[in-house]
Amino acid sequence: MKNRHFLLRVILEQFSLIIAYALLLLLGWSLVKLHEPTKWLIFDLLRFSWPPLVFWLGWRVYRAYRSQRYLQEAQQNKQLPVKRPPTVLAASYFQALRQNEQQQRQLHQQQQLQAAQRMDYLQLWSHEIKLPLTALKLAAENTTQVNSEEVVTQLGLIQNQLDLLLNYERLADFHHDLTFEEFSLRTLLEDLLKENAIFFIDKQLKPQINMNKEIKVVLDRKWLRFCLQQVIFNAIKYSSPNGKLLISWQTDTLLIQDFGCGINSADLPRVFEPGFTGENGRKQQAATGMGLYLVKQVTEKLGVKFKLESVAGQGTSAYFIFPATLINNNL
């Protein structure tokens, strides 16, 4: 029934051509009427012109009907047709649909890849969180009293991994989670050093802040705090025992400097790749490779330039370069 209705509709769509044909005949008859044609001339005009017209209209109807059947079969198979439609207008729509299908396929593949990567990261984080929990469990099984410093240290490791995980999830909705405010950079750094005091004590590291004047920045405090925490935590982790960690301000740049194992020159260009741990991460056996990746992503969104310089065996320097519009220098 649907095919009959469609065929009837296609035939009716050709009605305009029939009207045009009749008008052309009328125009031709009007022109030759001036020369007093015989009735046979008009008859011959009709006799020799309508067969090509009928054939042409029939071909148009047949082609449109075949295209419709082809499209219906493609629709039943839930795919776009392989052949291009015969008409120019339909071919343009077909090309647009093809491009849209390719874009949707690429988007679907990208989403699948991101979902797989996300699952890998979640499994990696779950493993890293289990490590300090296992250490606490073993300590509790071996003695009735667990050293408080051990508990604080392991909880700090868990907290750092949870911060990475939660901020990784929040990064997709970054711009809906921004609150810009003016705050003291030194105060923020001092709070972070206090929070990481147990790790400094464990490594016998001496942190030092060198700022000759009060520096205030206008940024999202929470996100900047996350970035600084990750860099400081990495500096502690890869520093040599009994060493030092220097934090200084130079014009528009916050410099966090450690004097530990440094980063291999072959690994340095890849430290901002998600999941890349490098030689140091493999030695530590407790690295997700997501910390510096997230720091790079967040700083770019905040408008702060972040870069690393490192020499293997000598240490690493992390630079946070702030645009002048975000800095308030008070002497």
# chains A, B, ... in the order shown; residues from 1 in each chain; ligands from 1
>>> residues_around(residues="A:Asn196", least_positions_apart="4", cutoff="12 Å", atoms="only C-alpha atoms", output="number ranges by chain")
A: 152-157, 159-160, 189-192, 200-203, 205-207, 228-237
>>> closest_residue(among="A:Thr144, A:Ser310, A:Asn242, A:Asn167", to="A:Leu294", atoms="only C-alpha atoms")
A:Asn167
>>> closest_residue(among="A:Ser239, A:Glu195, A:Ala172, A:Ile256", to="A:Gln114", atoms="only C-alpha atoms")
A:Ala172
>>> closest_residue(among="A:Phe174, A:Tyr238, A:Lys222, A:Leu292", to="A:Arg270", atoms="only C-alpha atoms")
A:Leu292
>>> residues_around(residues="A:Leu122", least_positions_apart="3", cutoff="12 Å", atoms="only C-alpha atoms", output="number ranges by chain")
A: 115-119, 125-129, 161-162, 164-166, 168-169, 275, 288, 290
>>> write_last_selection(atoms="N, CA and C atoms", output="CSV table (one decimal), in the first residue's frame")
chain,number,residue,atom,x,y,z
A,115,ALA,N,36.2,6.1,27.0
A,115,ALA,CA,35.7,5.2,28.0
A,115,ALA,C,36.6,4.1,28.5
A,116,ALA,N,37.3,3.5,27.5
A,116,ALA,CA,38.3,2.5,27.8
A,116,ALA,C,39.5,3.1,28.6
A,117,GLN,N,39.9,4.3,28.2
A,117,GLN,CA,41.0,4.9,28.9
A,117,GLN,C,40.6,5.2,30.3
A,118,ARG,N,39.4,5.7,30.5
A,118,ARG,CA,38.8,6.1,31.8
A,118,ARG,C,38.8,4.8,32.7
A,119,MET,N,38.4,3.7,32.1
A,119,MET,CA,38.3,2.5,32.9
A,119,MET,C,39.7,2.0,33.3
A,125,TRP,N,44.0,3.7,39.5
A,125,TRP,CA,43.9,4.5,40.8
A,125,TRP,C,43.4,3.5,41.9
A,126,SER,N,42.5,2.6,41.6
A,126,SER,CA,42.1,1.7,42.6
A,126,SER,C,43.2,0.9,43.2
A,127,HIS,N,44.1,0.5,42.3
A,127,HIS,CA,45.3,-0.3,42.7
A,127,HIS,C,46.2,0.6,43.6
A,128,GLU,N,46.4,1.9,43.2
A,128,GLU,CA,47.3,2.7,44.0
A,128,GLU,C,46.7,3.0,45.4
A,129,ILE,N,45.4,3.1,45.4
A,129,ILE,CA,44.7,3.4,46.7
A,129,ILE,C,44.8,2.1,47.6
A,161,GLN,N,45.8,10.3,45.9
A,161,GLN,CA,45.2,9.6,44.8
A,161,GLN,C,43.7,9.9,44.6
A,162,LEU,N,43.0,10.1,45.7
A,162,LEU,CA,41.6,10.5,45.6
A,162,LEU,C,41.5,11.8,45.0
A,164,LEU,N,43.5,13.2,42.8
A,164,LEU,CA,43.7,13.0,41.4
A,164,LEU,C,42.5,12.4,40.7
A,165,LEU,N,41.9,11.4,41.3
A,165,LEU,CA,40.7,10.8,40.7
A,165,LEU,C,39.5,11.7,40.6
A,166,LEU,N,39.2,12.5,41.7
A,166,LEU,CA,38.1,13.4,41.7
A,166,LEU,C,38.3,14.5,40.8
A,168,TYR,N,40.2,14.5,38.1
A,168,TYR,CA,40.1,14.0,36.8
A,168,TYR,C,38.7,13.9,36.3
A,169,GLU,N,37.8,13.5,37.2
A,169,GLU,CA,36.3,13.5,36.8
A,169,GLU,C,35.8,14.9,36.7
A,275,GLY,N,48.9,9.0,31.8
A,275,GLY,CA,49.3,7.6,32.1
A,275,GLY,C,50.8,7.3,31.9
A,288,THR,N,50.8,6.8,38.9
A,288,THR,CA,49.7,6.7,37.9
A,288,THR,C,50.1,7.4,36.6
A,290,MET,N,49.4,10.4,36.0
A,290,MET,CA,48.3,11.4,35.7
A,290,MET,C,48.4,12.7,36.4
>>> residues_around(residues="A:Phe180", least_positions_apart="6", cutoff="8 Å", atoms="only C-alpha atoms", output="VMD selection string")
chain A and resid 218 to 221
>>> residues_around(residues="A:Gly289", least_positions_apart="5", cutoff="8 Å", atoms="only C-alpha atoms", output="VMD selection string")
chain A and resid 271 273 to 277 281
>>> atom_distance(atom1="atom CA of A:Leu308", atom2="atom CA of A:Leu268")
8.1 Å
>>> select_by_dssp(residues="stretch 89-243 of chain A", states="helix (DSSP H, G or I)", output="NGL selection string")
:A and (89-142 or 148-176 or 185-195 or 197-203 or 221-237)
>>> closest_residue(among="A:Gln106, A:Thr253, A:Ile19, A:Glu150", to="A:Leu133", atoms="only C-alpha atoms")
A:Glu150
>>> closest_residue(among="A:Ala266, A:Leu23, A:Val304, A:Ile327", to="A:Leu224", atoms="only C-alpha atoms")
A:Val304
>>> closest_residue(among="A:Asn328, A:Thr143, A:Gln250, A:Gln103", to="A:Glu214", atoms="only C-alpha atoms")
A:Asn328
>>> decode(residues="stretch 127-276 of chain A", atoms="C-alpha atoms", output="mmCIF file, in the first residue's frame")
data_model
loop_
_atom_site.group_PDB
_atom_site.id
_atom_site.type_symbol
_atom_site.label_atom_id
_atom_site.label_comp_id
_atom_site.auth_asym_id
_atom_site.auth_seq_id
_atom_site.Cartn_x
_atom_site.Cartn_y
_atom_site.Cartn_z
ATOM 1 C CA HIS A 127 45.318 -0.258 42.702
ATOM 2 C CA GLU A 128 47.282 2.735 43.992
ATOM 3 C CA ILE A 129 44.715 3.360 46.732
ATOM 4 C CA LYS A 130 44.848 -0.284 47.776
ATOM 5 C CA LEU A 131 48.613 -0.119 48.359
ATOM 6 C CA PRO A 132 48.510 2.197 51.434
ATOM 7 C CA LEU A 133 45.381 0.431 52.684
ATOM 8 C CA THR A 134 47.236 -2.880 52.495
ATOM 9 C CA ALA A 135 50.194 -1.341 54.327
ATOM 10 C CA LEU A 136 47.881 -0.174 57.135
ATOM 11 C CA LYS A 137 46.215 -3.574 57.280
ATOM 12 C CA LEU A 138 49.567 -5.360 57.588
ATOM 13 C CA ALA A 139 50.705 -2.927 60.272
ATOM 14 C CA ALA A 140 47.508 -3.536 62.232
ATOM 15 C CA GLU A 141 47.875 -7.308 61.915
ATOM 16 C CA ASN A 142 51.467 -7.276 63.174
ATOM 17 C CA THR A 143 50.883 -5.132 66.226
ATOM 18 C CA THR A 144 48.059 -3.958 68.434
ATOM 19 C CA GLN A 145 49.234 -0.344 68.154
ATOM 20 C CA VAL A 146 50.033 1.270 64.805
ATOM 21 C CA ASN A 147 52.440 4.200 64.722
ATOM 22 C CA SER A 148 50.476 7.423 64.180
ATOM 23 C CA GLU A 149 53.049 8.724 61.696
ATOM 24 C CA GLU A 150 52.593 5.587 59.617
ATOM 25 C CA VAL A 151 48.823 6.078 59.650
ATOM 26 C CA VAL A 152 49.105 9.759 58.650
ATOM 27 C CA THR A 153 51.578 8.933 55.874
ATOM 28 C CA GLN A 154 49.419 6.226 54.332
ATOM 29 C CA LEU A 155 46.286 8.360 54.637
ATOM 30 C CA GLY A 156 48.143 11.171 52.892
ATOM 31 C CA LEU A 157 48.961 8.835 50.000
ATOM 32 C CA ILE A 158 45.327 7.788 49.785
ATOM 33 C CA GLN A 159 44.170 11.409 49.868
ATOM 34 C CA ASN A 160 46.517 12.352 47.043
ATOM 35 C CA GLN A 161 45.221 9.554 44.834
ATOM 36 C CA LEU A 162 41.617 10.462 45.642
ATOM 37 C CA ASP A 163 42.324 14.099 44.740
ATOM 38 C CA LEU A 164 43.712 12.967 41.395
ATOM 39 C CA LEU A 165 40.703 10.773 40.739
ATOM 40 C CA LEU A 166 38.086 13.355 41.735
ATOM 41 C CA ASN A 167 39.721 16.189 39.815
ATOM 42 C CA TYR A 168 40.107 13.974 36.757
ATOM 43 C CA GLU A 169 36.341 13.458 36.839
ATOM 44 C CA ARG A 170 35.655 17.167 37.437
ATOM 45 C CA LEU A 171 37.917 18.260 34.589
ATOM 46 C CA ALA A 172 35.207 17.457 32.014
ATOM 47 C CA ASP A 173 32.954 20.074 33.668
ATOM 48 C CA PHE A 174 35.779 22.479 34.438
ATOM 49 C CA HIS A 175 34.175 25.801 33.476
ATOM 50 C CA HIS A 176 31.098 25.133 35.631
ATOM 51 C CA ASP A 177 33.291 24.766 38.705
ATOM 52 C CA LEU A 178 35.252 28.024 38.720
ATOM 53 C CA THR A 179 35.306 30.716 41.397
ATOM 54 C CA PHE A 180 37.829 33.490 40.812
ATOM 55 C CA GLU A 181 39.039 35.344 43.882
ATOM 56 C CA GLU A 182 42.084 37.265 45.059
ATOM 57 C CA PHE A 183 44.274 35.433 47.560
ATOM 58 C CA SER A 184 47.833 35.334 48.866
ATOM 59 C CA LEU A 185 50.091 32.927 47.032
ATOM 60 C CA ARG A 186 52.447 32.646 49.997
ATOM 61 C CA THR A 187 49.620 31.737 52.378
ATOM 62 C CA LEU A 188 48.445 29.022 49.998
ATOM 63 C CA LEU A 189 51.966 27.599 49.739
ATOM 64 C CA GLU A 190 52.474 27.650 53.501
ATOM 65 C CA ASP A 191 49.212 25.714 53.974
ATOM 66 C CA LEU A 192 50.364 23.106 51.471
ATOM 67 C CA LEU A 193 53.740 22.708 53.175
ATOM 68 C CA LYS A 194 52.006 22.160 56.521
ATOM 69 C CA GLU A 195 49.697 19.548 55.006
ATOM 70 C CA ASN A 196 52.684 17.695 53.586
ATOM 71 C CA ALA A 197 54.772 18.060 56.752
ATOM 72 C CA ILE A 198 54.684 14.323 57.455
ATOM 73 C CA PHE A 199 56.248 13.612 54.047
ATOM 74 C CA PHE A 200 58.934 16.261 54.545
ATOM 75 C CA ILE A 201 59.769 14.733 57.915
ATOM 76 C CA ASP A 202 59.828 11.227 56.492
ATOM 77 C CA LYS A 203 62.291 12.308 53.758
ATOM 78 C CA GLN A 204 64.146 14.747 56.035
ATOM 79 C CA LEU A 205 63.557 17.490 53.478
ATOM 80 C CA LYS A 206 63.771 21.191 54.235
ATOM 81 C CA PRO A 207 61.224 23.310 52.330
ATOM 82 C CA GLN A 208 62.016 26.997 51.887
ATOM 83 C CA ILE A 209 59.869 29.836 50.527
ATOM 84 C CA ASN A 210 61.735 32.839 49.099
ATOM 85 C CA MET A 211 59.329 35.714 48.439
ATOM 86 C CA ASN A 212 60.498 39.247 49.132
ATOM 87 C CA LYS A 213 57.051 40.753 48.722
ATOM 88 C CA GLU A 214 53.428 39.792 49.065
ATOM 89 C CA ILE A 215 52.096 38.221 45.879
ATOM 90 C CA LYS A 216 48.370 38.009 45.342
ATOM 91 C CA VAL A 217 46.782 36.302 42.382
ATOM 92 C CA VAL A 218 43.248 36.339 41.023
ATOM 93 C CA LEU A 219 42.402 32.735 40.212
ATOM 94 C CA ASP A 220 40.342 29.772 41.251
ATOM 95 C CA ARG A 221 42.005 28.896 44.568
ATOM 96 C CA LYS A 222 40.863 25.270 44.598
ATOM 97 C CA TRP A 223 42.240 24.398 41.164
ATOM 98 C CA LEU A 224 45.542 26.229 41.694
ATOM 99 C CA ARG A 225 45.905 24.485 45.045
ATOM 100 C CA PHE A 226 45.440 21.142 43.312
ATOM 101 C CA CYS A 227 48.176 21.946 40.767
ATOM 102 C CA LEU A 228 50.650 23.137 43.400
ATOM 103 C CA GLN A 229 49.911 20.108 45.580
ATOM 104 C CA GLN A 230 50.709 17.700 42.756
ATOM 105 C CA VAL A 231 53.990 19.422 41.914
ATOM 106 C CA ILE A 232 55.061 19.621 45.576
ATOM 107 C CA PHE A 233 54.067 15.978 46.144
ATOM 108 C CA ASN A 234 56.138 14.897 43.124
ATOM 109 C CA ALA A 235 59.070 17.002 44.328
ATOM 110 C CA ILE A 236 58.964 15.263 47.714
ATOM 111 C CA LYS A 237 58.597 11.805 46.182
ATOM 112 C CA TYR A 238 61.559 12.155 43.836
ATOM 113 C CA SER A 239 63.838 14.193 46.123
ATOM 114 C CA SER A 240 66.905 12.691 47.770
ATOM 115 C CA PRO A 241 66.764 12.229 51.577
ATOM 116 C CA ASN A 242 68.178 15.096 53.652
ATOM 117 C CA GLY A 243 67.813 17.431 50.698
ATOM 118 C CA LYS A 244 65.880 20.646 50.208
ATOM 119 C CA LEU A 245 62.954 22.020 48.264
ATOM 120 C CA LEU A 246 63.021 25.671 47.179
ATOM 121 C CA ILE A 247 59.971 27.753 46.309
ATOM 122 C CA SER A 248 60.657 31.226 44.925
ATOM 123 C CA TRP A 249 59.025 34.044 42.979
ATOM 124 C CA GLN A 250 60.710 35.668 39.974
ATOM 125 C CA THR A 251 58.868 38.572 38.325
ATOM 126 C CA ASP A 252 55.748 36.711 37.131
ATOM 127 C CA THR A 253 56.861 33.134 37.777
ATOM 128 C CA LEU A 254 56.492 30.746 40.690
ATOM 129 C CA LEU A 255 59.402 28.311 40.740
ATOM 130 C CA ILE A 256 59.306 25.014 42.664
ATOM 131 C CA GLN A 257 62.712 23.390 42.651
ATOM 132 C CA ASP A 258 63.902 20.033 43.976
ATOM 133 C CA PHE A 259 67.360 18.494 43.877
ATOM 134 C CA GLY A 260 66.488 14.838 43.532
ATOM 135 C CA CYS A 261 66.822 12.204 40.843
ATOM 136 C CA GLY A 262 65.569 14.455 38.055
ATOM 137 C CA ILE A 263 63.915 13.258 34.848
ATOM 138 C CA ASN A 264 65.615 11.344 32.083
ATOM 139 C CA SER A 265 66.043 13.465 28.926
ATOM 140 C CA ALA A 266 64.207 10.831 26.886
ATOM 141 C CA ASP A 267 61.214 10.957 29.273
ATOM 142 C CA LEU A 268 61.014 14.738 29.694
ATOM 143 C CA PRO A 269 59.061 15.487 26.454
ATOM 144 C CA ARG A 270 56.401 12.929 27.458
ATOM 145 C CA VAL A 271 55.765 13.783 31.109
ATOM 146 C CA PHE A 272 52.486 15.563 30.252
ATOM 147 C CA GLU A 273 51.024 12.540 28.463
ATOM 148 C CA PRO A 274 48.200 10.818 30.371
ATOM 149 C CA GLY A 275 49.342 7.627 32.059
ATOM 150 C CA PHE A 276 53.044 8.118 31.279
#
